[in-house]
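S.K.: See protein-v6.cif below, with mmCIF, C-alpha atoms and all ligand atoms.
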```
data_final
loop_
_atom_site.group_PDB
_atom_site.id
_atom_site.type_symbol
_atom_site.label_atom_id
_atom_site.label_comp_id
_atom_site.auth_asym_id
_atom_site.auth_seq_id
_atom_site.Cartn_x
_atom_site.Cartn_y
_atom_site.Cartn_z
ATOM 1 C CA MET A 73 0.000 0.000 0.000
ATOM 2 C CA LYS A 74 1.308 3.421 -0.858
ATOM 3 C CA LEU A 75 2.045 5.649 2.107
ATOM 4 C CA PHE A 76 -0.503 8.246 1.118
ATOM 5 C CA GLY A 77 -3.271 5.653 0.804
ATOM 6 C CA PHE A 78 -2.326 4.280 4.188
ATOM 7 C CA LEU A 79 -2.469 7.693 5.846
ATOM 8 C CA GLU A 80 -5.720 8.440 4.105
ATOM 9 C CA LYS A 81 -7.241 5.319 5.631
ATOM 10 C CA ILE A 82 -6.190 6.418 9.079
ATOM 11 C CA PHE A 83 -7.653 9.882 8.739
ATOM 12 C CA PHE A 84 -10.796 8.865 6.878
ATOM 13 C CA PRO A 85 -12.059 5.799 8.712
ATOM 14 C CA SER A 86 -15.129 5.636 6.462
ATOM 15 C CA ASP A 87 -12.882 3.991 3.894
ATOM 16 C CA PHE A 88 -12.878 0.704 5.694
ATOM 17 C CA LYS A 89 -15.580 0.720 8.344
ATOM 18 C CA CYS A 90 -19.333 0.673 7.963
ATOM 19 C CA ILE A 91 -20.499 4.241 8.567
ATOM 20 C CA VAL A 92 -23.481 3.034 10.627
ATOM 21 C CA CYS A 93 -22.191 0.183 12.825
ATOM 22 C CA GLN A 94 -18.403 0.742 12.495
ATOM 23 C CA LYS A 95 -17.912 -2.913 11.566
ATOM 24 C CA GLU A 96 -15.017 -3.474 9.211
ATOM 25 C CA ILE A 97 -15.977 -3.855 5.574
ATOM 26 C CA PHE A 98 -13.754 -5.541 3.077
ATOM 27 C CA ASP A 99 -15.417 -4.888 -0.239
ATOM 28 C CA ASN A 100 -15.358 -1.471 -1.785
ATOM 29 C CA SER A 101 -18.932 -0.564 -0.904
ATOM 30 C CA LYS A 102 -19.687 2.806 -2.484
ATOM 31 C CA TYR A 103 -21.467 4.332 0.478
ATOM 32 C CA CYS A 104 -19.334 2.503 3.062
ATOM 33 C CA LEU A 105 -22.215 0.411 4.387
ATOM 34 C CA CYS A 106 -21.995 -3.205 5.523
ATOM 35 C CA ASP A 107 -24.545 -5.788 4.351
ATOM 36 C CA ASN A 108 -26.548 -5.535 7.580
ATOM 37 C CA CYS A 109 -27.019 -1.780 7.711
ATOM 38 C CA LYS A 110 -29.776 -0.432 5.534
ATOM 39 C CA LEU A 111 -30.557 3.211 4.932
ATOM 40 C CA GLU A 112 -34.017 4.693 4.579
ATOM 41 C CA PHE A 113 -33.928 6.042 1.004
ATOM 42 C CA ASN A 114 -36.729 8.372 -0.016
ATOM 43 C CA ASP A 115 -37.367 6.921 -3.449
ATOM 44 C CA ASP A 116 -40.926 5.693 -3.271
ATOM 45 C CA ASP A 117 -43.940 7.949 -2.808
ATOM 46 C CA TYR A 118 -43.186 11.575 -2.222
ATOM 47 C CA CYS A 119 -44.865 14.922 -2.733
ATOM 48 C CA GLN A 120 -44.056 16.115 -6.263
ATOM 49 C CA LYS A 121 -43.369 19.621 -4.954
ATOM 50 C CA CYS A 122 -41.505 19.409 -1.638
ATOM 51 C CA GLY A 123 -40.351 15.783 -1.802
ATOM 52 C CA THR A 124 -41.657 14.728 1.587
ATOM 53 C CA VAL A 125 -42.824 11.118 1.962
ATOM 54 C CA ILE A 126 -46.546 10.682 1.576
ATOM 55 C CA GLN A 127 -48.367 7.464 2.119
ATOM 56 C CA ASN A 128 -51.751 8.096 0.591
ATOM 57 C CA MET A 129 -50.844 8.001 -3.117
ATOM 58 C CA ALA A 130 -51.483 11.723 -3.405
ATOM 59 C CA VAL A 131 -49.486 13.876 -5.832
ATOM 60 C CA PHE A 132 -48.933 16.720 -3.377
ATOM 61 C CA CYS A 133 -48.794 16.814 0.414
ATOM 62 C CA GLU A 134 -51.356 18.854 2.354
ATOM 63 C CA ASP A 135 -48.871 21.700 2.933
ATOM 64 C CA CYS A 136 -48.071 22.120 -0.753
ATOM 65 C CA LYS A 137 -51.762 22.161 -1.611
ATOM 66 C CA ASN A 138 -52.169 25.184 0.652
ATOM 67 C CA TYR A 139 -48.894 27.006 0.067
ATOM 68 C CA LYS A 140 -46.849 27.400 -3.095
ATOM 69 C CA PRO A 141 -43.127 27.358 -2.272
ATOM 70 C CA ASN A 142 -40.668 29.625 -4.096
ATOM 71 C CA TYR A 143 -38.499 26.755 -5.338
ATOM 72 C CA SER A 144 -39.618 24.670 -8.313
ATOM 73 C CA THR A 145 -38.951 21.242 -6.820
ATOM 74 C CA ALA A 146 -37.363 19.879 -3.670
ATOM 75 C CA ARG A 147 -36.123 16.311 -3.258
ATOM 76 C CA SER A 148 -34.425 14.427 -0.467
ATOM 77 C CA VAL A 149 -32.123 11.451 -0.682
ATOM 78 C CA LEU A 150 -33.157 9.882 2.623
ATOM 79 C CA ILE A 151 -36.056 9.772 5.031
ATOM 80 C CA TYR A 152 -35.023 11.364 8.305
ATOM 81 C CA GLU A 153 -35.423 8.324 10.543
ATOM 82 C CA GLY A 154 -33.538 5.225 11.709
ATOM 83 C CA ASN A 155 -29.964 4.833 10.457
ATOM 84 C CA ALA A 156 -30.255 7.853 8.169
ATOM 85 C CA LYS A 157 -31.144 10.100 11.101
ATOM 86 C CA LYS A 158 -28.349 8.630 13.210
ATOM 87 C CA LEU A 159 -25.807 9.291 10.451
ATOM 88 C CA ILE A 160 -26.917 12.836 9.748
ATOM 89 C CA ARG A 161 -26.943 13.738 13.429
ATOM 90 C CA GLY A 162 -23.420 12.344 13.712
ATOM 91 C CA TYR A 163 -22.369 14.372 10.688
ATOM 92 C CA LYS A 164 -23.863 17.615 11.997
ATOM 93 C CA TYR A 165 -23.449 17.382 15.735
ATOM 94 C CA GLY A 166 -21.146 14.406 16.392
ATOM 95 C CA ASN A 167 -18.005 15.757 14.788
ATOM 96 C CA LYS A 168 -18.062 13.080 12.065
ATOM 97 C CA LYS A 169 -16.922 15.370 9.308
ATOM 98 C CA TYR A 170 -15.682 12.439 7.186
ATOM 99 C CA LEU A 171 -19.319 11.469 6.500
ATOM 100 C CA TYR A 172 -19.511 14.260 3.934
ATOM 101 C CA LYS A 173 -17.991 11.850 1.413
ATOM 102 C CA PRO A 174 -20.498 8.940 1.420
ATOM 103 C CA LEU A 175 -23.418 11.311 2.031
ATOM 104 C CA GLY A 176 -22.256 13.564 -0.803
ATOM 105 C CA GLU A 177 -21.968 10.522 -3.084
ATOM 106 C CA MET A 178 -25.559 9.588 -2.241
ATOM 107 C CA MET A 179 -26.666 13.108 -3.137
ATOM 108 C CA SER A 180 -24.745 13.010 -6.410
ATOM 109 C CA ASP A 181 -26.364 9.721 -7.406
ATOM 110 C CA CYS A 182 -29.796 10.967 -6.419
ATOM 111 C CA LEU A 183 -29.337 14.098 -8.510
ATOM 112 C CA LYS A 184 -28.711 11.957 -11.607
ATOM 113 C CA THR A 185 -32.305 10.745 -11.452
ATOM 114 C CA TYR A 186 -33.764 14.249 -11.899
ATOM 115 C CA ASN A 187 -33.809 16.207 -15.107
ATOM 116 C CA TRP A 188 -32.922 19.562 -13.621
ATOM 117 C CA LYS A 189 -31.043 22.151 -15.574
ATOM 118 C CA ILE A 190 -28.327 23.465 -13.233
ATOM 119 C CA ASP A 191 -25.802 26.223 -13.875
ATOM 120 C CA LEU A 192 -24.694 26.807 -10.320
ATOM 121 C CA ILE A 193 -24.757 25.053 -6.945
ATOM 122 C CA VAL A 194 -25.461 27.180 -3.888
ATOM 123 C CA PRO A 195 -25.072 25.624 -0.418
ATOM 124 C CA ALA A 196 -27.328 26.698 2.458
ATOM 125 C CA PRO A 197 -25.247 29.053 4.603
ATOM 126 C CA LEU A 198 -24.267 28.673 8.248
ATOM 127 C CA SER A 199 -23.972 31.569 10.684
ATOM 128 C CA GLN A 200 -20.438 32.618 11.631
ATOM 129 C CA LYS A 201 -21.103 31.441 15.181
ATOM 130 C CA ARG A 202 -22.117 27.928 14.111
ATOM 131 C CA LEU A 203 -19.289 27.730 11.601
ATOM 132 C CA LYS A 204 -16.833 28.490 14.374
ATOM 133 C CA GLU A 205 -18.363 25.903 16.710
ATOM 134 C CA ARG A 206 -18.604 23.136 14.130
ATOM 135 C CA GLY A 207 -15.539 23.960 12.081
ATOM 136 C CA TYR A 208 -17.232 23.216 8.766
ATOM 137 C CA ASN A 209 -20.359 24.045 6.827
ATOM 138 C CA GLN A 210 -21.921 20.631 6.330
ATOM 139 C CA SER A 211 -23.954 21.768 3.296
ATOM 140 C CA LEU A 212 -20.869 23.229 1.606
ATOM 141 C CA LEU A 213 -18.934 19.948 1.975
ATOM 142 C CA LEU A 214 -21.843 18.020 0.450
ATOM 143 C CA SER A 215 -22.067 20.600 -2.351
ATOM 144 C CA GLN A 216 -18.382 20.125 -3.124
ATOM 145 C CA VAL A 217 -18.864 16.396 -3.710
ATOM 146 C CA VAL A 218 -21.888 17.018 -5.961
ATOM 147 C CA SER A 219 -20.035 19.792 -7.795
ATOM 148 C CA LYS A 220 -17.051 17.540 -8.500
ATOM 149 C CA ASN A 221 -19.134 14.560 -9.625
ATOM 150 C CA HIS A 222 -21.431 16.597 -11.856
ATOM 151 C CA ASN A 223 -18.904 19.174 -12.975
ATOM 152 C CA ILE A 224 -21.051 22.146 -11.936
ATOM 153 C CA PRO A 225 -19.528 25.227 -10.265
ATOM 154 C CA ILE A 226 -20.371 26.237 -6.668
ATOM 155 C CA GLU A 227 -20.943 29.719 -5.329
ATOM 156 C CA LYS A 228 -20.460 29.638 -1.579
ATOM 157 C CA ASP A 229 -20.471 33.385 -0.964
ATOM 158 C CA PHE A 230 -23.859 34.227 -2.409
ATOM 159 C CA LEU A 231 -26.076 33.448 0.585
ATOM 160 C CA TYR A 232 -25.391 34.511 4.157
ATOM 161 C CA LYS A 233 -26.933 33.702 7.489
ATOM 162 C CA ILE A 234 -26.830 36.846 9.562
ATOM 163 C CA LYS A 235 -28.804 35.693 12.614
ATOM 164 C CA ASN A 236 -29.050 32.450 14.529
ATOM 165 C CA THR A 237 -32.452 30.821 14.444
ATOM 166 C CA PRO A 238 -33.838 29.122 17.541
ATOM 167 C CA TYR A 239 -33.770 25.353 17.740
ATOM 168 C CA GLN A 240 -36.627 24.388 15.480
ATOM 169 C CA ALA A 241 -37.928 21.088 16.822
ATOM 170 C CA ARG A 242 -40.546 22.727 19.002
ATOM 171 C CA SER A 243 -41.779 25.218 16.465
ATOM 172 C CA ASN A 244 -44.737 24.545 14.264
ATOM 173 C CA ARG A 245 -44.759 25.221 10.558
ATOM 174 C CA LYS A 246 -46.227 28.709 10.787
ATOM 175 C CA GLU A 247 -43.736 29.729 13.478
ATOM 176 C CA ARG A 248 -40.823 28.451 11.398
ATOM 177 C CA PHE A 249 -41.881 30.533 8.395
ATOM 178 C CA GLU A 250 -41.994 33.557 10.700
ATOM 179 C CA GLN A 251 -38.621 32.747 12.293
ATOM 180 C CA VAL A 252 -36.623 32.669 9.050
ATOM 181 C CA LYS A 253 -37.629 36.184 8.029
ATOM 182 C CA GLY A 254 -34.626 38.527 8.089
ATOM 183 C CA VAL A 255 -32.244 35.701 8.985
ATOM 184 C CA PHE A 256 -30.584 35.371 5.568
ATOM 185 C CA LEU A 257 -29.082 37.765 3.041
ATOM 186 C CA ALA A 258 -28.211 37.358 -0.618
ATOM 187 C CA SER A 259 -25.120 39.137 -1.904
ATOM 188 C CA ASP A 260 -25.316 41.932 -4.469
ATOM 189 C CA GLU A 261 -21.709 41.322 -5.479
ATOM 190 C CA ILE A 262 -22.365 37.989 -7.147
ATOM 191 C CA ASN A 263 -24.340 37.929 -10.346
ATOM 192 C CA ILE A 264 -26.681 34.969 -10.600
ATOM 193 C CA LYS A 265 -29.096 36.554 -13.090
ATOM 194 C CA GLY A 266 -30.763 34.096 -15.438
ATOM 195 C CA LYS A 267 -29.071 31.109 -13.812
ATOM 196 C CA ASN A 268 -30.626 27.813 -12.851
ATOM 197 C CA ILE A 269 -29.683 27.204 -9.241
ATOM 198 C CA LEU A 270 -29.379 24.011 -7.249
ATOM 199 C CA LEU A 271 -29.733 24.771 -3.556
ATOM 200 C CA ILE A 272 -28.193 22.147 -1.265
ATOM 201 C CA ASP A 273 -29.080 21.728 2.409
ATOM 202 C CA ASP A 274 -28.880 18.925 4.979
ATOM 203 C CA VAL A 275 -32.300 18.390 6.550
ATOM 204 C CA MET A 276 -35.545 19.953 5.386
ATOM 205 C CA THR A 277 -38.242 19.877 8.041
ATOM 206 C CA THR A 278 -40.935 22.474 7.414
ATOM 207 C CA GLY A 279 -39.141 23.758 4.323
ATOM 208 C CA ALA A 280 -39.135 27.310 5.699
ATOM 209 C CA THR A 281 -35.367 27.741 5.330
ATOM 210 C CA VAL A 282 -35.063 26.500 1.748
ATOM 211 C CA ASP A 283 -38.173 28.450 0.805
ATOM 212 C CA GLU A 284 -36.713 31.681 2.161
ATOM 213 C CA LEU A 285 -33.329 31.005 0.503
ATOM 214 C CA SER A 286 -35.099 30.308 -2.777
ATOM 215 C CA ARG A 287 -37.102 33.517 -2.462
ATOM 216 C CA LEU A 288 -33.939 35.600 -1.950
ATOM 217 C CA THR A 289 -32.189 33.838 -4.836
ATOM 218 C CA LEU A 290 -35.064 34.446 -7.242
ATOM 219 C CA LYS A 291 -35.272 38.053 -6.106
ATOM 220 C CA LYS A 292 -31.674 38.520 -7.266
ATOM 221 C CA GLY A 293 -32.674 37.338 -10.725
ATOM 222 C CA ALA A 294 -32.118 33.587 -10.772
ATOM 223 C CA LYS A 295 -34.195 31.813 -13.380
ATOM 224 C CA GLU A 296 -35.134 28.815 -11.285
ATOM 225 C CA VAL A 297 -34.262 27.162 -7.977
ATOM 226 C CA ASN A 298 -34.395 23.421 -7.334
ATOM 227 C CA VAL A 299 -33.550 22.027 -3.931
ATOM 228 C CA LEU A 300 -31.697 18.856 -2.978
ATOM 229 C CA VAL A 301 -31.399 17.899 0.681
ATOM 230 C CA LEU A 302 -29.986 14.879 2.469
ATOM 231 C CA ALA A 303 -33.164 14.039 4.309
ATOM 232 C CA GLU A 304 -36.739 14.967 5.075
ATOM 233 C CA PRO A 305 -38.824 13.531 7.906
ATOM 234 C CA ARG A 306 -42.140 11.850 7.209
ATOM 235 C CA LYS A 307 -44.949 14.329 7.125
ATOM 236 C CA LYS A 308 -47.369 13.899 9.967
ATOM 237 C CA VAL A 309 -50.772 13.159 8.540
ATOM 238 C CA LYS A 310 -53.589 14.977 10.280
ATOM 239 C CA GLY A 311 -55.738 12.670 12.360
ATOM 240 C CA LEU A 312 -53.285 9.777 12.356
ATOM 241 C CA TYR A 313 -50.818 11.030 14.916
HETATM 242 ZN ZN ZN B 1 -23.032 -1.754 9.356
HETATM 243 ZN ZN ZN B 2 -45.275 18.884 -0.355
#
```
Translate this structure into structure tokens?
Ligand SMILES: [Zn+2]
Ligand SMILES: [Zn+2]

M.R.:
Amino acid sequence: MKLFGFLEKIFFPSDFKCIVCQKEIFDNSKYCLCDNCKLEFNDDDYCQKCGTVIQNMAVFCEDCKNYKPNYSTARSVLIYEGNAKKLIRGYKYGNKKYLYKPLGEMMSDCLKTYNWKIDLIVPAPLSQKRLKERGYNQSLLLSQVVSKNHNIPIEKDFLYKIKNTPYQARSNRKERFEQVKGVFLASDEINIKGKNILLIDDVMTTGATVDELSRLTLKKGAKEVNVLVLAEPRKKVKGLY
């Protein structure tokens, strides 16, 4: 083994351990998963607008029937539950930066299945405070993998997060849409006029963040915004939960 390859394996343990259970894997599994660990891919029935899983064979979820988002389409690679949730939480909060690689590969493969015209990739921004705490913008790292695999440029300095938003788990949908107002800024310095944008984020819950980012991007003259995220949770169906 060449020295560089050896060092790489030490610093990027995902190369030889299952990213879910840490068990050693010997074949060159693309996403670094062992045979026992399955991920919850969101490739069955989803809302044709926001991409959230729906179980009732409908075309659109209840939210998208009542509200028209600013983006054209949003899709997620995974359903935010089980192993997928565990991985993404580890990537965002558990200091497992190396997960950007397999997760970014999953996003790249997912993107191949959609016929979106894309001129530019824009990652969802992180506030300076969070960036300092975490040390990396998780959406930017994912964007870099997609950019490389699809040969599409990235613009990381177009969108800014100027305020921290409160932890969103306890907020309802309406509150989230209120909370994201005034939180982001789009740069005047970077010209995105007439461009087809792919917005990349990690987890899309109510969709308030990607909707606001899409609104700002379109306001600066983008032609269209499509959204790709790592995961979306199942939509709670009224009356069933
Ligand atoms: Zn495993
Ligand atoms: Zn929807």

S.K.: Taking all atoms listed in the file into account, which residues have an atom no farther than 9 Å from ligand ZN 2 (chain B)? I'd like them as a VMD selection string.

M.R.: chain A and resid 118 to 126 131 to 137 139 141 146 307

S.K.: Any chance you could tabulate, as a tab-separated table, the residues of chain A at most 7 Å from ligand ZN 1 (chain B) with each one's nearest atom pair and distance in Å to one decimal, using all atoms listed in the file, in chain and rising number order?

M.R.:
```
residue	atom	partner	partner_atom	distance
A:Cys90	CA	B:ZN1	ZN	4.6
A:Ile91	CA	B:ZN1	ZN	6.6
A:Val92	CA	B:ZN1	ZN	5.0
A:Cys93	CA	B:ZN1	ZN	4.1
A:Gln94	CA	B:ZN1	ZN	6.1
A:Lys95	CA	B:ZN1	ZN	5.7
A:Leu105	CA	B:ZN1	ZN	5.5
A:Cys106	CA	B:ZN1	ZN	4.2
A:Asp107	CA	B:ZN1	ZN	6.6
A:Asn108	CA	B:ZN1	ZN	5.5
A:Cys109	CA	B:ZN1	ZN	4.3
```

S.K.: Would you please work out which residue, of A:Lys228, A:Lys158, A:Arg147, A:His222, is nearest to Ile190 (chain A) when using all atoms listed in the file?

M.R.: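 That would be A:His222, the residue with the smallest distance to Ile190 (chain A).
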
S.K.: To one decimal place in Å, what is the distance between CA of Gly207 (chain A) and CA of Leu302 (chain A)?

M.R.: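 Between these atoms lies a distance of 19.6 Å.
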
S.K.: Considering only C-alpha atoms, state which residue in the set A:Asp274, A:Asp99, A:Glu247, A:Glu261 is at the smallest distance from Ser215 (chain A).

M.R.: A:Asp274

S.K.: Using all atoms listed in the file, which residue out of A:Leu171, A:Val282, A:Val299, A:Ala294 lies closest to Lys89 (chain A)?

M.R.: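 Closest to Lys89 (chain A), using all atoms listed in the file: A:Leu171.
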
S.K.: Which residue, A:Ile224, A:Val252, A:Leu270, A:Leu183, has the smallest gap to Asn236 (chain A) when you use all atoms listed in the file?

M.R.: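 Distance minimum relative to Asn236 (chain A) lands on A:Val252.
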
S.K.: Once the PyMOL selection byres (((chain A and resi 295) around 8) and not hetatm) is applied to the coordinates I shared, what remains selected? I want it as a ChimeraX atom specification.

M.R.: /A:265-269,290,293-294,296-297

S.K.: Which is closer to Leu214 (chain A) than all the others in A:Lys184, A:Arg245, A:Ile272, A:Ile226, using all atoms listed in the file?

M.R.: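 The shortest atom-to-atom distance to Leu214 (chain A) comes from A:Ile272.
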